[in-house]
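Trainee: Let me give you the structure first, and then I'll get to my questions.
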Amino acid sequence: MIRFDYARPGDVAEAVRGGAGDHVAYLAGGTNLIDLMKENVARPLEVVDINRLPLAQITDREDGGLRLGALATNADTAYDERVQARYPLLASAILAGASPQLRNAATNGGNLNQRTRCYYFYDVDTPCNKRVPGQGCGAIVGVNRIHAILGASDQCIATHPSDMCVALAALDAQVQVTGPDGGRTIAFADYHRLPGDEPWRDNTLKQGELVTAIDLPAEDFSTNYTYLKLRDRLSYAFALVSVAVAMRLEGDRIADVRIALGGVAHKPWRRIEAEEAIKNERPSDTVFDTAARALLAGAVGQGDNSFKIGLAHKAIVRALAQAAAGTPQSQTDKRIR
Amino acid sequence: MNDAVTIDRAAASRVAAHPIATLPLSLTINGETRELKVEPWTTLLDLLREKLDLTGTKKGCDHGQCGACTVLIDGRRINSCLKLAVTLDGAEITTIEGLGQPGDLHPLQSAFIEHDAFQCGYCTPGQICSAQGLINEGHAKNRQDVREQMSGNLCRCGAYTNIADAVLDVLEKQA
């Protein structure tokens, strides 16, 4: 860790003023940032501690939705009674990730802004275009078992590591941010980005912007949903492939469905055409297979991670079946039914 | 941080040239209020072990992956290696030394002995603080819940089955 100056603003305006300069990092739960600083991957010269800002509340919205404060912890969010009752997909995804200790510290804003766990990004002795522009990608020619199969570029094949964000993508959340130029709302699909030729940019935040809240729309997906996470060990591991499904049935037909994938791309992976393709259909493995094909069209393996294409296909079909049956994946009993 | 790791050497040199400013910090540790001064980069784990001689809390991986450094902050289990101490001003910290002492063991400590829930013992303080956090949280109802909710604590000796037994024993006695 290199030396840095420390500031602890008491309100959002003061924090944003402090966050506007170069080499400044906002510090919330610290579960990713402090680790990156220890590895010399993150080298802020000023740390703005935002933990005293009044952004930890979870509040009902007038439109029937819910506002998750950026500083509410992942644990407080997952166990919030309103989240459990109205957004069980989100609660399930959060509880599928990390460990209880980490969820007690990690915040919602930080979950969005955590960085990839690509081993080359973390190892400053190897090349990484995300860490140092133009340096090259160690993963493309190296060990890439955990890497992206969709939306990657010839400069970066890193994945976004979050479980929570996969559920937020399926739920069409909105991200509230504020910065030097004032506040704005970012649709979740537009928040994270694909690497393209600027792989160092994980998201569309502008310099100095601070996430203040995440808004969940009122739509009810509390019956037909699932978060299915596949990984190398049953707990406390990042997803190789994960699938969030939010579905609404009318009679025996799929009236609405959202499918988001984790562990396969630089952002939670959704394709509206895959969802449209199965609306108004009766749930069946054939229909689910259609969605999986559309969602995974153009998937490319890098060698070590090529297994993810077939694994993701089967996971999508299974997750859609779980959601349609109203039997969501248990995050305690890990058996997949 | 949403950008490349550019190194502004001139700016870094300016920061490094400042005299090291220690910041005031008030913590209640195992019931005792302490007025401290820390450098901003000092983690809670390093503060406990290196400055306060509370070496019961262990440094395993120092990256939030093993759970050996677990302590209770305001009653909640946290990896102390990933918390800058300065961010915790006003908090109540409980370490293994605050849970029990020789001759006055905490029920979890007694249960770990009774169930042979450790071998080398290095992960044990973190396991026990984590188990107390699990009990405080109140979300575990059975053995499967205990196993899942203790998954943030690794035991390289592999005492997991006995750890689950010990935690479940205390959980059920307190229920």
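Each chain in the structure tokens gets a letter, A, B and so on, in the order shown; residues start at 1 in every chain, and ligands are counted from 1 in the order they appear.
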Near Gly21 in chain A, within 12 Å and counting only C-alpha atoms, which residues show up once chain neighbours fewer than 6 positions away are dropped, as a list in words?
Mentor: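 Counting only the stated atoms, we get Ala15, Pro44, Leu45, Glu46, Val47, Val48, Gly179, Pro180, Lys206, Gln207, Gly208 and Glu209 of chain A; Met1 and Ala11 of chain B.
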Trainee: What are the residues of chain A lining chain B at 8 Å or less? Count only C-alpha atoms, and put the answer as a tab-separated table (two decimals) with C-alpha atoms, in the first residue's frame.
Mentor:
chain	number	residue	atom	x	y	z
A	1	MET	CA	0.00	0.00	0.00
A	3	ARG	CA	0.87	6.45	1.32
A	4	PHE	CA	-2.27	8.47	0.94
A	5	ASP	CA	-4.13	11.36	2.50
A	6	TYR	CA	-7.39	10.64	4.28
A	24	VAL	CA	-8.91	9.96	-5.40
A	25	ALA	CA	-10.82	6.87	-4.25
A	26	TYR	CA	-14.08	6.76	-2.35
A	29	GLY	CA	-16.88	-1.11	3.07
A	30	GLY	CA	-13.35	-1.51	1.74
A	31	THR	CA	-13.62	-5.23	1.04
A	34	ILE	CA	-8.33	-2.17	0.59
A	35	ASP	CA	-7.38	-5.50	-0.95
A	41	VAL	CA	-3.29	-2.48	-7.98
A	42	ALA	CA	-5.19	0.53	-6.64
A	43	ARG	CA	-2.91	3.43	-5.71
A	45	LEU	CA	-3.21	9.33	-3.22
A	49	ASP	CA	-14.04	7.82	3.53
A	51	ASN	CA	-18.93	5.83	5.60
A	98	ALA	CA	-18.89	-13.82	-0.69
A	99	SER	CA	-19.04	-14.77	3.02
A	100	PRO	CA	-21.11	-13.48	5.95
A	101	GLN	CA	-18.16	-11.36	7.16
A	102	LEU	CA	-17.70	-9.76	3.75
A	104	ASN	CA	-21.50	-7.45	6.70
A	105	ALA	CA	-18.90	-4.95	5.48
A	113	ASN	CA	-18.00	-0.78	-8.31
A	130	LYS	CA	-7.26	-2.91	-17.60
A	131	ARG	CA	-4.54	-1.95	-15.14
A	132	VAL	CA	-2.10	-0.27	-17.53
A	133	PRO	CA	-3.52	0.76	-20.96
A	200	TRP	CA	-9.82	0.15	-17.81
A	201	ARG	CA	-13.31	1.63	-17.68
A	202	ASP	CA	-15.60	-0.80	-15.83
A	203	ASN	CA	-18.63	1.46	-15.84
A	205	LEU	CA	-19.41	6.81	-14.02
A	235	SER	CA	-19.71	-21.66	-1.00
A	236	TYR	CA	-17.45	-18.64	-0.93
A	332	THR	CA	-28.19	-23.22	1.63
A	333	ASP	CA	-29.03	-26.62	0.22
Trainee: Counting only C-alpha atoms, which residue out of A:Met247, A:Ala93, A:Ile2, A:Cys118 sits closest to Thr223 in chain A?
Mentor: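 Of the candidates, the smallest distance to Thr223 in chain A is held by A:Met247.
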Trainee: What is the distance, in Å and to one decimal place, between CA of Arg9 in chain B and CA of Ala7 in chain A?
Mentor: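 Separating CA of Arg9 in chain B from CA of Ala7 in chain A is a distance of 21.1 Å.
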Trainee: Excluding Thr178 in chain A and any residue of its chain fewer than 6 positions from it, enumerate the residues within 7 Å of it, using only C-alpha atoms, and give them as a PDB file with N, CA and C atoms, in the first residue's frame.
Mentor:
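Saved as selection29.pdb:
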ATOM      1  N   ARG A 184     -27.695  12.320 -11.496  1.00  0.00           N
ATOM      2  CA  ARG A 184     -28.352  11.719 -12.661  1.00  0.00           C
ATOM      3  C   ARG A 184     -28.701  10.279 -12.342  1.00  0.00           C
ATOM      4  N   GLU A 209     -17.850  11.021  -9.754  1.00  0.00           N
ATOM      5  CA  GLU A 209     -19.250  10.687  -9.464  1.00  0.00           C
ATOM      6  C   GLU A 209     -19.319   9.606  -8.388  1.00  0.00           C
ATOM      7  N   LEU A 210     -20.361   9.724  -7.584  1.00  0.00           N
ATOM      8  CA  LEU A 210     -20.555   8.853  -6.424  1.00  0.00           C
ATOM      9  C   LEU A 210     -21.931   8.204  -6.543  1.00  0.00           C
ATOM     10  N   VAL A 211     -22.000   6.892  -6.363  1.00  0.00           N
ATOM     11  CA  VAL A 211     -23.294   6.206  -6.330  1.00  0.00           C
ATOM     12  C   VAL A 211     -23.963   6.532  -4.995  1.00  0.00           C
ATOM     13  N   THR A 212     -25.211   6.986  -5.030  1.00  0.00           N
ATOM     14  CA  THR A 212     -25.913   7.301  -3.782  1.00  0.00           C
ATOM     15  C   THR A 212     -27.000   6.281  -3.456  1.00  0.00           C
TER      16      THR A 212
END
Trainee: I'd like the interatomic distance between CA of Ala255 in chain A and CA of Tyr87 in chain A, to a tenth of an Å.
Mentor: 18.3 Å
Trainee: Kindly give the distance, in Å, that separates CA of Cys123 in chain B and CA of Cys61 in chain B, rounded to a single decimal.
Mentor: 11.0 Å
Trainee: Within 10 Å of range 24-30 of chain B, counting only C-alpha atoms, which residues show up once you throw out same-chain ones fewer than 5 positions away? Write them as a ChimeraX atom specification, please.
Mentor: /B:35-40,48,52,54,72-74,85-99
Trainee: Check range 88-246 of chain A with DSSP on the backbone and list each residue it calls strand (DSSP E or B), as number ranges by chain.
Mentor: A: 107, 174-179, 182-187, 192, 203, 210-216, 224-230, 241-246
Trainee: Can you write just those residues out, N, CA and C atoms, as an mmCIF file, in the first residue's frame?
Mentor:
data_model
loop_
_atom_site.group_PDB
_atom_site.id
_atom_site.type_symbol
_atom_site.label_atom_id
_atom_site.label_comp_id
_atom_site.auth_asym_id
_atom_site.auth_seq_id
_atom_site.Cartn_x
_atom_site.Cartn_y
_atom_site.Cartn_z
ATOM 1 N N THR A 107 -20.777 -2.832 0.826
ATOM 2 C CA THR A 107 -21.964 -2.002 0.634
ATOM 3 C C THR A 107 -22.542 -2.221 -0.770
ATOM 4 N N GLN A 174 -32.259 0.903 -11.260
ATOM 5 C CA GLN A 174 -31.677 2.158 -11.721
ATOM 6 C C GLN A 174 -30.671 2.637 -10.682
ATOM 7 N N VAL A 175 -29.575 3.212 -11.160
ATOM 8 C CA VAL A 175 -28.509 3.652 -10.269
ATOM 9 C C VAL A 175 -28.559 5.176 -10.159
ATOM 10 N N GLN A 176 -28.660 5.659 -8.928
ATOM 11 C CA GLN A 176 -28.641 7.109 -8.680
ATOM 12 C C GLN A 176 -27.210 7.518 -8.365
ATOM 13 N N VAL A 177 -26.715 8.505 -9.092
ATOM 14 C CA VAL A 177 -25.361 8.979 -8.838
ATOM 15 C C VAL A 177 -25.385 10.497 -8.703
ATOM 16 N N THR A 178 -24.363 11.016 -8.036
ATOM 17 C CA THR A 178 -24.198 12.462 -7.978
ATOM 18 C C THR A 178 -22.721 12.768 -8.148
ATOM 19 N N GLY A 179 -22.450 13.925 -8.716
ATOM 20 C CA GLY A 179 -21.056 14.265 -8.992
ATOM 21 C C GLY A 179 -20.884 15.756 -9.137
ATOM 22 N N GLY A 182 -23.702 17.510 -10.754
ATOM 23 C CA GLY A 182 -25.048 17.258 -10.252
ATOM 24 C C GLY A 182 -25.417 15.787 -10.317
ATOM 25 N N GLY A 183 -26.695 15.505 -10.060
ATOM 26 C CA GLY A 183 -27.151 14.126 -9.987
ATOM 27 C C GLY A 183 -27.696 13.635 -11.314
ATOM 28 N N ARG A 184 -27.695 12.320 -11.496
ATOM 29 C CA ARG A 184 -28.352 11.719 -12.661
ATOM 30 C C ARG A 184 -28.701 10.279 -12.342
ATOM 31 N N THR A 185 -29.560 9.708 -13.191
ATOM 32 C CA THR A 185 -30.017 8.335 -13.032
ATOM 33 C C THR A 185 -29.483 7.515 -14.197
ATOM 34 N N ILE A 186 -28.906 6.357 -13.883
ATOM 35 C CA ILE A 186 -28.354 5.497 -14.936
ATOM 36 C C ILE A 186 -29.115 4.169 -14.911
ATOM 37 N N ALA A 187 -29.700 3.798 -16.056
ATOM 38 C CA ALA A 187 -30.342 2.483 -16.158
ATOM 39 C C ALA A 187 -29.293 1.406 -15.913
ATOM 40 N N HIS A 192 -22.732 -0.710 -16.180
ATOM 41 C CA HIS A 192 -21.467 -1.380 -16.508
ATOM 42 C C HIS A 192 -21.308 -1.395 -18.026
ATOM 43 N N ASN A 203 -17.261 0.956 -15.840
ATOM 44 C CA ASN A 203 -18.629 1.458 -15.837
ATOM 45 C C ASN A 203 -18.656 2.858 -16.436
ATOM 46 N N LEU A 210 -20.361 9.724 -7.584
ATOM 47 C CA LEU A 210 -20.555 8.853 -6.424
ATOM 48 C C LEU A 210 -21.931 8.204 -6.543
ATOM 49 N N VAL A 211 -22.000 6.892 -6.363
ATOM 50 C CA VAL A 211 -23.294 6.206 -6.330
ATOM 51 C C VAL A 211 -23.963 6.532 -4.995
ATOM 52 N N THR A 212 -25.211 6.986 -5.030
ATOM 53 C CA THR A 212 -25.913 7.301 -3.782
ATOM 54 C C THR A 212 -27.000 6.281 -3.456
ATOM 55 N N ALA A 213 -27.589 5.654 -4.477
ATOM 56 C CA ALA A 213 -28.670 4.697 -4.217
ATOM 57 C C ALA A 213 -28.892 3.819 -5.436
ATOM 58 N N ILE A 214 -29.590 2.729 -5.197
ATOM 59 C CA ILE A 214 -30.048 1.845 -6.273
ATOM 60 C C ILE A 214 -31.553 1.720 -6.119
ATOM 61 N N ASP A 215 -32.283 2.030 -7.180
ATOM 62 C CA ASP A 215 -33.743 1.970 -7.118
ATOM 63 C C ASP A 215 -34.255 0.698 -7.791
ATOM 64 N N LEU A 216 -35.166 0.018 -7.079
ATOM 65 C CA LEU A 216 -35.805 -1.171 -7.634
ATOM 66 C C LEU A 216 -37.219 -0.806 -8.068
ATOM 67 N N ASN A 224 -42.007 -16.437 -9.380
ATOM 68 C CA ASN A 224 -41.288 -17.198 -10.397
ATOM 69 C C ASN A 224 -39.926 -16.549 -10.649
ATOM 70 N N TYR A 225 -38.951 -17.027 -9.909
ATOM 71 C CA TYR A 225 -37.602 -16.464 -10.008
ATOM 72 C C TYR A 225 -36.604 -17.517 -9.581
ATOM 73 N N THR A 226 -35.358 -17.315 -9.897
ATOM 74 C CA THR A 226 -34.284 -18.122 -9.313
ATOM 75 C C THR A 226 -32.954 -17.434 -9.524
ATOM 76 N N TYR A 227 -32.002 -17.727 -8.632
ATOM 77 C CA TYR A 227 -30.607 -17.366 -8.889
ATOM 78 C C TYR A 227 -29.791 -18.642 -8.782
ATOM 79 N N LEU A 228 -29.335 -19.108 -9.918
ATOM 80 C CA LEU A 228 -28.589 -20.367 -9.991
ATOM 81 C C LEU A 228 -27.120 -20.043 -10.237
ATOM 82 N N LYS A 229 -26.276 -20.404 -9.275
ATOM 83 C CA LYS A 229 -24.848 -20.066 -9.346
ATOM 84 C C LYS A 229 -24.020 -21.343 -9.378
ATOM 85 N N LEU A 230 -23.176 -21.460 -10.391
ATOM 86 C CA LEU A 230 -22.306 -22.631 -10.522
ATOM 87 C C LEU A 230 -20.861 -22.190 -10.339
ATOM 88 N N VAL A 241 -20.413 -19.568 -13.874
ATOM 89 C CA VAL A 241 -21.609 -19.155 -14.606
ATOM 90 C C VAL A 241 -22.709 -18.971 -13.576
ATOM 91 N N SER A 242 -23.464 -17.896 -13.676
ATOM 92 C CA SER A 242 -24.663 -17.771 -12.850
ATOM 93 C C SER A 242 -25.799 -17.235 -13.718
ATOM 94 N N VAL A 243 -27.014 -17.562 -13.296
ATOM 95 C CA VAL A 243 -28.201 -17.159 -14.058
ATOM 96 C C VAL A 243 -29.242 -16.588 -13.101
ATOM 97 N N ALA A 244 -29.671 -15.371 -13.359
ATOM 98 C CA ALA A 244 -30.806 -14.783 -12.640
ATOM 99 C C ALA A 244 -32.002 -14.781 -13.577
ATOM 100 N N VAL A 245 -33.104 -15.326 -13.101
ATOM 101 C CA VAL A 245 -34.335 -15.316 -13.895
ATOM 102 C C VAL A 245 -35.445 -14.670 -13.079
ATOM 103 N N ALA A 246 -36.128 -13.719 -13.689
ATOM 104 C CA ALA A 246 -37.351 -13.137 -13.126
ATOM 105 C C ALA A 246 -38.447 -13.352 -14.166
#
Trainee: For range 286-302 of chain A, please output as an MDAnalysis selection string all residues within 12 Å (counting only C-alpha atoms; exclusion window: fewer than 6 positions along the same chain).
Mentor: chainID A and resid 139:154 156:158 243 245 253:254 257:261 264:265 268:280 308:324
Trainee: Could you pull out the helix (DSSP H, G or I) residues of range 79-142 of chain B, going by DSSP on the backbone, and write them as a ChimeraX atom specification?
Mentor: /B:80-82,85-88,96-99,107-114,124-137
Trainee: Atoms to include: C-alpha atoms. Write the selected residues as a PDB file, in the first residue's frame.
Mentor:
ATOM      1  CA  SER B  80     -10.408  -7.006  10.363  1.00  0.00           C
ATOM      2  CA  CYS B  81      -7.709  -7.205   7.669  1.00  0.00           C
ATOM      3  CA  LEU B  82      -9.914  -5.238   5.239  1.00  0.00           C
ATOM      4  CA  ALA B  85      -8.830   1.380  11.723  1.00  0.00           C
ATOM      5  CA  VAL B  86      -9.317   5.105  11.200  1.00  0.00           C
ATOM      6  CA  THR B  87     -12.712   4.469   9.558  1.00  0.00           C
ATOM      7  CA  LEU B  88     -14.017   2.871  12.767  1.00  0.00           C
ATOM      8  CA  ILE B  96     -11.341 -13.439  21.114  1.00  0.00           C
ATOM      9  CA  GLU B  97      -9.694 -11.995  24.270  1.00  0.00           C
ATOM     10  CA  GLY B  98     -12.973 -10.216  25.022  1.00  0.00           C
ATOM     11  CA  LEU B  99     -15.131 -13.302  24.570  1.00  0.00           C
ATOM     12  CA  PRO B 107     -19.489 -21.317  25.737  1.00  0.00           C
ATOM     13  CA  LEU B 108     -18.159 -21.502  22.174  1.00  0.00           C
ATOM     14  CA  GLN B 109     -14.613 -22.007  23.454  1.00  0.00           C
ATOM     15  CA  SER B 110     -15.803 -24.817  25.723  1.00  0.00           C
ATOM     16  CA  ALA B 111     -17.761 -26.368  22.872  1.00  0.00           C
ATOM     17  CA  PHE B 112     -14.734 -26.239  20.546  1.00  0.00           C
ATOM     18  CA  ILE B 113     -12.737 -28.161  23.168  1.00  0.00           C
ATOM     19  CA  GLU B 114     -15.540 -30.624  23.837  1.00  0.00           C
ATOM     20  CA  THR B 124      -9.882 -20.932  15.900  1.00  0.00           C
ATOM     21  CA  PRO B 125     -10.146 -17.344  17.230  1.00  0.00           C
ATOM     22  CA  GLY B 126     -11.635 -16.288  13.906  1.00  0.00           C
ATOM     23  CA  GLN B 127     -13.928 -19.311  13.865  1.00  0.00           C
ATOM     24  CA  ILE B 128     -15.210 -18.494  17.357  1.00  0.00           C
ATOM     25  CA  CYS B 129     -15.726 -14.781  16.684  1.00  0.00           C
ATOM     26  CA  SER B 130     -17.476 -15.728  13.454  1.00  0.00           C
ATOM     27  CA  ALA B 131     -19.682 -18.229  15.295  1.00  0.00           C
ATOM     28  CA  GLN B 132     -20.641 -15.556  17.833  1.00  0.00           C
ATOM     29  CA  GLY B 133     -21.505 -13.286  14.909  1.00  0.00           C
ATOM     30  CA  LEU B 134     -23.586 -16.061  13.380  1.00  0.00           C
ATOM     31  CA  ILE B 135     -25.495 -16.453  16.661  1.00  0.00           C
ATOM     32  CA  ASN B 136     -26.001 -12.670  16.916  1.00  0.00           C
ATOM     33  CA  GLU B 137     -27.373 -12.570  13.354  1.00  0.00           C
TER      34      GLU B 137
END
